[in-house]
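Encoded as structure tokens, the structure appears first; notes follow it.
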Amino acid sequence: MAGPEPPSVAPLSLAESATDTASKAHEQEINPWDVQAATDEQGNTLAFDYAAISAKWNTSLINSTLLERFERVTGRKPHRWLRRGLFFSHRDLDRILDIYERGETFLLYTGRGPSSGSMHIGHAIPFEFTKYMQDVFDVPLVIMLTDDEKFLFKEKLTQPEVYQFARDNAKDIISIGFDVKKTFIYIDSEFFTSGYNRHFSLNATEFEKLITNNQVRGAFGFDGSTNVGSNAFAAKQCVAAFASSYPFIFGEQCTSYHRSKKLAAMACLIPCAIDQDPYFRLVRENCSRMDQPSPKPALIHSKFLTSLQGAGGKMSASNPNSAIYLSDTEKQIKNKINKHAFSGGQETLELHRELGGNPDIDVAFQYLSYFEDDDDKLATFAEQYRKGVMLTGDMKKECVGMMTAYVQGFQAARVKVTEEILEEFMRPRKLEWRGNPNPTKK
Ligand code: TYM
């Protein structure tokens, strides 16, 4: 178990050591708006140090004992991303297993900040994983699309643009296969102006009163010149983790002033990449101070799927060759991987045959390790690559095949998502779920 969480006023940057002006080295920076890997003294980008960020933020690393218990309690084989350590860290996942074992319901919650019309494959990771968790636990799920956040934080984006991105991204998310009966998707600007947000809004206002400017500045690195909306936004992403914000999902009244005590007491599990953790540290620190206290939301954190340029690289909308987009054509995927995916192979064929390659830094292999489900096949690729039997071209070919199949499968589902289907996912309504069919009530 991890120790107590550091207060959210602890600076986010891992760059706490004195800056050496002669050196180009800087330490990694991970926060919800800026994810940068460390560089060495020559300015070379290094891989993210996930153990360091977990230690810094006092999260618990996912270990084999927890995974064994996960399998025992749910009767399901852990997802390949759990088996391979790609979802590597958590807060209170063991408590969620206790709750599931007792046959109690918890809320599953995740989200997306719609900053572009199409999501890239990195963004698909938490949603694919959330879909798996929805299948495993059979619980209600809320997906928050923060068009307000993106408008506030991205200078160049207008409100109509972010709203349209949110609708397009919602269709992307639906294409991943969520069950409409158990899933409520909402766009902030729409939900907050509907008649269903009264309890969300009361929770947000109460939370805004509990946290100070200093706490928000400390958690997110804001200063006096940060716009007021950005300071206030944090409360919204935080209270979205309270089941009491969505009484209609549970068939409860949402017009009365009083929020449901029972719902306030419901646990929540949030799958996301580690960059979103600062928001949820803030809610974990303050949820017990609410008038109707809520338990600390549990989290399960993933690593970042690397950009095509390799370890520590960032997928960025401003560089289309940094990422594979869910809207890319077969030709674009092939070109991007063949031309831009960093290779862990040797410079010449002779050297590669002699010395072998390094799959650990090979982007094609990294992508395969996310999308190839067959553990043995993946292990064989790694072994053959290290031995120099498998070449960079071979690995890239496997990767092109795998990514094309994934993106085409996604696109085939995406064309079927009509406006009507989108509206149904976004309609505030009572959800239906089963929960644990074999609880061991204690
Ligand atoms: P956003 O849009 O930046 O990211 C959406 C989700 O994708 C994760 N992510 C990645 N995961 C793996 N590899 C990558 N390369 C990669 N890039 C991004 C993010 O961690 C996130 O889980 N403020 C949020 C929206 C939000 C939210 C939430 C996210 C609202 N409520 C609850 C997670 C959970 C945002 O802008 O996400």
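We label chains A, B, ... in the order they appear in the structure tokens, count residues from 1 in each chain, and number ligands from 1 in the order shown.
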Next item on the list: Would you please extract all strand (DSSP E) residues from region 121-235 of chain A, as assigned by DSSP on the backbone, and give them as a ChimeraX atom specification?
Entry: /A:141-145,183-187
Check: Could you pull the residues within 12 Å of region 20-35 of chain A, counting only C-alpha atoms, minus those fewer than 6 positions along the same chain, as a PyMOL selection string?
Finding: chain A and resi 8+11-14+41-50+52-54+56-57+112-113+115+149-150+152-154+218-222+230+234+237+272-280+303-307+312-316
Margin query: One decimal, in Å: what's the spacing between CA of Pro271 (chain A) and CA of Pro437 (chain A)?
Written below: 22.8 Å
Test item, helix (DSSP H, G or I) assignment across region 233-295 of chain A, answer as a compact mmCIF listing (two decimals) with all heavy atoms, in the first residue's frame:
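Writing the result to part_20.txt gives the following:
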# COMPACT_ATOMS: atom_id res chain seq x y z
N PHE A 233 -12.74 25.49 -13.00
CA PHE A 233 -13.09 24.26 -13.72
C PHE A 233 -12.80 22.99 -12.91
O PHE A 233 -13.55 22.01 -12.96
CB PHE A 233 -12.39 24.18 -15.08
CG PHE A 233 -12.58 22.83 -15.70
CD1 PHE A 233 -13.81 22.49 -16.26
CD2 PHE A 233 -11.60 21.85 -15.63
CE1 PHE A 233 -14.04 21.21 -16.76
CE2 PHE A 233 -11.81 20.58 -16.12
CZ PHE A 233 -13.03 20.26 -16.69
N ALA A 234 -11.68 23.01 -12.17
CA ALA A 234 -11.25 21.80 -11.46
C ALA A 234 -12.39 21.17 -10.66
O ALA A 234 -12.56 19.95 -10.64
CB ALA A 234 -10.09 22.12 -10.54
N ALA A 235 -13.20 22.03 -10.02
CA ALA A 235 -14.28 21.51 -9.17
C ALA A 235 -15.23 20.64 -9.99
O ALA A 235 -15.78 19.66 -9.48
CB ALA A 235 -15.04 22.68 -8.54
N LYS A 236 -15.41 20.99 -11.26
CA LYS A 236 -16.38 20.23 -12.08
C LYS A 236 -15.85 18.84 -12.39
O LYS A 236 -16.56 17.84 -12.25
CB LYS A 236 -16.70 21.01 -13.35
CG LYS A 236 -17.32 22.36 -13.04
CD LYS A 236 -17.89 23.03 -14.25
CE LYS A 236 -18.60 24.32 -13.88
NZ LYS A 236 -17.69 25.39 -13.42
N GLN A 237 -14.59 18.77 -12.80
CA GLN A 237 -14.03 17.43 -13.09
C GLN A 237 -13.98 16.60 -11.80
O GLN A 237 -14.05 15.38 -11.85
CB GLN A 237 -12.64 17.55 -13.74
CG GLN A 237 -12.06 16.20 -14.07
CD GLN A 237 -11.02 16.20 -15.19
OE1 GLN A 237 -11.03 17.03 -16.07
NE2 GLN A 237 -10.12 15.24 -15.15
N CYS A 238 -13.87 17.28 -10.66
CA CYS A 238 -13.81 16.56 -9.38
C CYS A 238 -15.18 16.02 -8.98
O CYS A 238 -15.33 14.83 -8.71
CB CYS A 238 -13.30 17.49 -8.28
SG CYS A 238 -11.53 17.84 -8.40
N VAL A 239 -16.20 16.88 -8.95
CA VAL A 239 -17.51 16.41 -8.44
C VAL A 239 -18.20 15.48 -9.43
O VAL A 239 -19.19 14.82 -9.08
CB VAL A 239 -18.46 17.56 -8.02
CG1 VAL A 239 -17.80 18.44 -6.98
CG2 VAL A 239 -18.95 18.36 -9.21
N ALA A 243 -21.48 10.07 -7.28
CA ALA A 243 -22.72 9.52 -7.84
C ALA A 243 -23.91 10.45 -7.55
O ALA A 243 -24.87 10.50 -8.33
CB ALA A 243 -22.98 8.13 -7.28
N SER A 244 -23.81 11.22 -6.46
CA SER A 244 -24.93 12.12 -6.11
C SER A 244 -25.09 13.25 -7.12
O SER A 244 -26.09 13.97 -7.09
CB SER A 244 -24.71 12.71 -4.71
OG SER A 244 -23.54 13.50 -4.69
N SER A 245 -24.12 13.41 -8.05
CA SER A 245 -24.26 14.43 -9.09
C SER A 245 -25.24 13.97 -10.19
O SER A 245 -25.63 14.78 -11.03
CB SER A 245 -22.90 14.72 -9.74
OG SER A 245 -22.01 15.29 -8.79
N PRO A 247 -28.49 11.95 -9.94
CA PRO A 247 -29.55 11.15 -9.31
C PRO A 247 -30.40 10.39 -10.33
O PRO A 247 -30.84 9.27 -10.05
CB PRO A 247 -30.38 12.20 -8.55
CG PRO A 247 -29.97 13.52 -9.10
CD PRO A 247 -28.59 13.38 -9.62
N PHE A 248 -30.62 10.98 -11.52
CA PHE A 248 -31.51 10.36 -12.52
C PHE A 248 -31.00 9.00 -12.96
O PHE A 248 -31.77 8.10 -13.28
CB PHE A 248 -31.69 11.30 -13.73
CG PHE A 248 -30.39 11.83 -14.27
CD1 PHE A 248 -29.69 11.14 -15.24
CD2 PHE A 248 -29.84 13.02 -13.79
CE1 PHE A 248 -28.48 11.62 -15.73
CE2 PHE A 248 -28.63 13.50 -14.27
CZ PHE A 248 -27.94 12.80 -15.24
N ILE A 249 -29.67 8.80 -12.95
CA ILE A 249 -29.08 7.51 -13.35
C ILE A 249 -29.60 6.39 -12.44
O ILE A 249 -29.74 5.25 -12.84
CB ILE A 249 -27.54 7.58 -13.24
CG1 ILE A 249 -26.98 8.40 -14.39
CG2 ILE A 249 -26.91 6.20 -13.22
CD1 ILE A 249 -25.47 8.51 -14.34
N PHE A 250 -29.86 6.77 -11.20
CA PHE A 250 -30.26 5.79 -10.19
C PHE A 250 -31.77 5.85 -9.91
O PHE A 250 -32.24 5.33 -8.90
CB PHE A 250 -29.46 6.03 -8.90
CG PHE A 250 -27.98 6.01 -9.14
CD1 PHE A 250 -27.28 7.18 -9.46
CD2 PHE A 250 -27.27 4.81 -9.13
CE1 PHE A 250 -25.92 7.15 -9.72
CE2 PHE A 250 -25.91 4.78 -9.39
CZ PHE A 250 -25.23 5.95 -9.69
N LYS A 261 -28.14 11.20 0.14
CA LYS A 261 -27.08 10.76 1.05
C LYS A 261 -26.53 9.42 0.60
O LYS A 261 -25.33 9.16 0.63
CB LYS A 261 -27.66 10.61 2.45
CG LYS A 261 -26.94 11.42 3.47
CD LYS A 261 -27.48 11.16 4.86
CE LYS A 261 -26.92 12.28 5.73
NZ LYS A 261 -27.72 12.70 6.78
N LYS A 262 -27.48 8.57 0.18
CA LYS A 262 -27.11 7.22 -0.25
C LYS A 262 -26.16 7.29 -1.46
O LYS A 262 -25.13 6.62 -1.52
CB LYS A 262 -28.39 6.44 -0.61
CG LYS A 262 -28.18 4.97 -0.79
CD LYS A 262 -29.50 4.27 -1.03
CE LYS A 262 -29.54 3.81 -2.47
NZ LYS A 262 -30.87 3.66 -3.01
N LEU A 263 -26.51 8.16 -2.40
CA LEU A 263 -25.66 8.28 -3.59
C LEU A 263 -24.32 8.94 -3.25
O LEU A 263 -23.28 8.58 -3.82
CB LEU A 263 -26.37 9.05 -4.70
CG LEU A 263 -27.60 8.36 -5.29
CD1 LEU A 263 -28.18 9.19 -6.43
CD2 LEU A 263 -27.26 6.96 -5.79
N ALA A 264 -24.36 9.89 -2.33
CA ALA A 264 -23.09 10.54 -1.94
C ALA A 264 -22.12 9.50 -1.39
O ALA A 264 -20.90 9.63 -1.54
CB ALA A 264 -23.36 11.63 -0.91
N ILE A 274 -2.03 8.62 -16.19
CA ILE A 274 -1.56 9.20 -14.92
C ILE A 274 -1.61 10.73 -14.92
O ILE A 274 -1.69 11.35 -13.86
CB ILE A 274 -0.13 8.68 -14.58
CG1 ILE A 274 0.34 9.07 -13.18
CG2 ILE A 274 0.88 9.10 -15.62
CD1 ILE A 274 -0.15 8.19 -12.08
N ASP A 275 -1.65 11.37 -16.10
CA ASP A 275 -1.65 12.84 -16.16
C ASP A 275 -2.88 13.46 -15.48
O ASP A 275 -2.84 14.61 -15.05
CB ASP A 275 -1.57 13.34 -17.62
CG ASP A 275 -2.75 12.90 -18.47
OD1 ASP A 275 -3.23 11.76 -18.28
OD2 ASP A 275 -3.19 13.68 -19.33
N GLN A 276 -3.98 12.69 -15.39
CA GLN A 276 -5.21 13.26 -14.82
C GLN A 276 -5.25 13.15 -13.29
O GLN A 276 -6.17 13.66 -12.65
CB GLN A 276 -6.45 12.55 -15.40
CG GLN A 276 -6.60 12.72 -16.90
CD GLN A 276 -6.86 14.16 -17.32
OE1 GLN A 276 -7.68 14.85 -16.72
NE2 GLN A 276 -6.15 14.63 -18.34
N ASP A 277 -4.27 12.48 -12.71
CA ASP A 277 -4.30 12.23 -11.26
C ASP A 277 -4.42 13.50 -10.41
O ASP A 277 -5.10 13.48 -9.38
CB ASP A 277 -3.08 11.40 -10.84
CG ASP A 277 -3.16 10.96 -9.40
OD1 ASP A 277 -4.00 10.08 -9.11
OD2 ASP A 277 -2.43 11.50 -8.55
N PRO A 278 -3.77 14.62 -10.79
CA PRO A 278 -3.86 15.81 -9.92
C PRO A 278 -5.28 16.26 -9.63
O PRO A 278 -5.57 16.72 -8.53
CB PRO A 278 -3.09 16.88 -10.71
CG PRO A 278 -2.12 16.10 -11.53
CD PRO A 278 -2.82 14.82 -11.89
N TYR A 279 -6.18 16.12 -10.62
CA TYR A 279 -7.57 16.46 -10.36
C TYR A 279 -8.11 15.62 -9.21
O TYR A 279 -8.81 16.10 -8.33
CB TYR A 279 -8.44 16.14 -11.58
CG TYR A 279 -8.46 17.19 -12.64
CD1 TYR A 279 -7.89 16.96 -13.88
CD2 TYR A 279 -9.07 18.41 -12.41
CE1 TYR A 279 -7.92 17.92 -14.88
CE2 TYR A 279 -9.11 19.38 -13.39
CZ TYR A 279 -8.54 19.13 -14.62
OH TYR A 279 -8.58 20.09 -15.59
N PHE A 280 -7.79 14.35 -9.30
CA PHE A 280 -8.47 13.43 -8.39
C PHE A 280 -7.80 13.38 -7.02
O PHE A 280 -8.42 12.97 -6.05
CB PHE A 280 -8.63 12.07 -9.08
CG PHE A 280 -9.41 12.24 -10.37
CD1 PHE A 280 -8.86 11.93 -11.60
CD2 PHE A 280 -10.68 12.81 -10.33
CE1 PHE A 280 -9.57 12.16 -12.77
CE2 PHE A 280 -11.40 13.04 -11.49
CZ PHE A 280 -10.84 12.71 -12.72
N ARG A 281 -6.56 13.85 -6.95
CA ARG A 281 -5.96 14.04 -5.62
C ARG A 281 -6.74 15.13 -4.88
O ARG A 281 -6.98 15.04 -3.69
CB ARG A 281 -4.50 14.45 -5.76
CG ARG A 281 -3.60 13.32 -6.15
CD ARG A 281 -2.24 13.44 -5.48
NE ARG A 281 -1.56 14.68 -5.74
CZ ARG A 281 -0.81 14.89 -6.82
NH1 ARG A 281 -0.67 13.95 -7.73
NH2 ARG A 281 -0.19 16.03 -6.99
N LEU A 282 -7.09 16.14 -5.66
CA LEU A 282 -7.83 17.26 -5.07
C LEU A 282 -9.17 16.78 -4.50
O LEU A 282 -9.55 17.15 -3.39
CB LEU A 282 -8.05 18.31 -6.17
CG LEU A 282 -8.31 19.75 -5.77
CD1 LEU A 282 -7.15 20.31 -4.98
CD2 LEU A 282 -8.53 20.60 -7.03
N VAL A 283 -9.87 15.94 -5.26
CA VAL A 283 -11.17 15.48 -4.77
C VAL A 283 -10.97 14.48 -3.63
O VAL A 283 -11.72 14.50 -2.64
CB VAL A 283 -12.06 14.91 -5.91
CG1 VAL A 283 -11.52 13.69 -6.54
CG2 VAL A 283 -13.48 14.64 -5.43
N ARG A 284 -9.93 13.66 -3.70
CA ARG A 284 -9.69 12.70 -2.61
C ARG A 284 -9.40 13.42 -1.30
O ARG A 284 -9.78 12.97 -0.23
CB ARG A 284 -8.56 11.74 -2.99
CG ARG A 284 -8.99 10.67 -4.01
CD ARG A 284 -7.80 9.87 -4.53
NE ARG A 284 -7.11 9.16 -3.47
CZ ARG A 284 -7.40 7.92 -3.07
NH1 ARG A 284 -8.37 7.24 -3.65
NH2 ARG A 284 -6.71 7.35 -2.10
N GLU A 285 -8.69 14.54 -1.42
CA GLU A 285 -8.35 15.29 -0.20
C GLU A 285 -9.55 16.00 0.42
O GLU A 285 -9.53 16.31 1.60
CB GLU A 285 -7.33 16.38 -0.53
CG GLU A 285 -5.93 15.89 -0.59
CD GLU A 285 -5.07 16.92 -1.30
OE1 GLU A 285 -5.36 18.14 -1.22
OE2 GLU A 285 -4.12 16.50 -1.96
N ASN A 286 -10.54 16.32 -0.40
CA ASN A 286 -11.60 17.20 0.09
C ASN A 286 -12.98 16.57 0.16
O ASN A 286 -13.89 17.20 0.70
CB ASN A 286 -11.64 18.46 -0.79
CG ASN A 286 -10.39 19.30 -0.60
OD1 ASN A 286 -10.21 19.93 0.44
ND2 ASN A 286 -9.49 19.25 -1.58
N CYS A 287 -13.14 15.35 -0.38
CA CYS A 287 -14.50 14.78 -0.46
C CYS A 287 -15.11 14.53 0.92
O CYS A 287 -16.33 14.61 1.08
CB CYS A 287 -14.51 13.52 -1.31
SG CYS A 287 -13.33 12.28 -0.84
N SER A 288 -14.28 14.26 1.91
CA SER A 288 -14.85 13.98 3.24
C SER A 288 -15.35 15.28 3.88
O SER A 288 -16.06 15.24 4.88
CB SER A 288 -13.80 13.32 4.13
OG SER A 288 -12.76 14.24 4.32
N ARG A 289 -15.00 16.41 3.30
CA ARG A 289 -15.42 17.70 3.87
C ARG A 289 -16.76 18.17 3.31
O ARG A 289 -17.27 19.21 3.72
CB ARG A 289 -14.35 18.76 3.60
CG ARG A 289 -12.99 18.41 4.21
CD ARG A 289 -11.91 19.37 3.73
NE ARG A 289 -12.20 20.74 4.05
CZ ARG A 289 -11.91 21.78 3.26
NH1 ARG A 289 -11.34 21.58 2.08
NH2 ARG A 289 -12.18 23.01 3.63
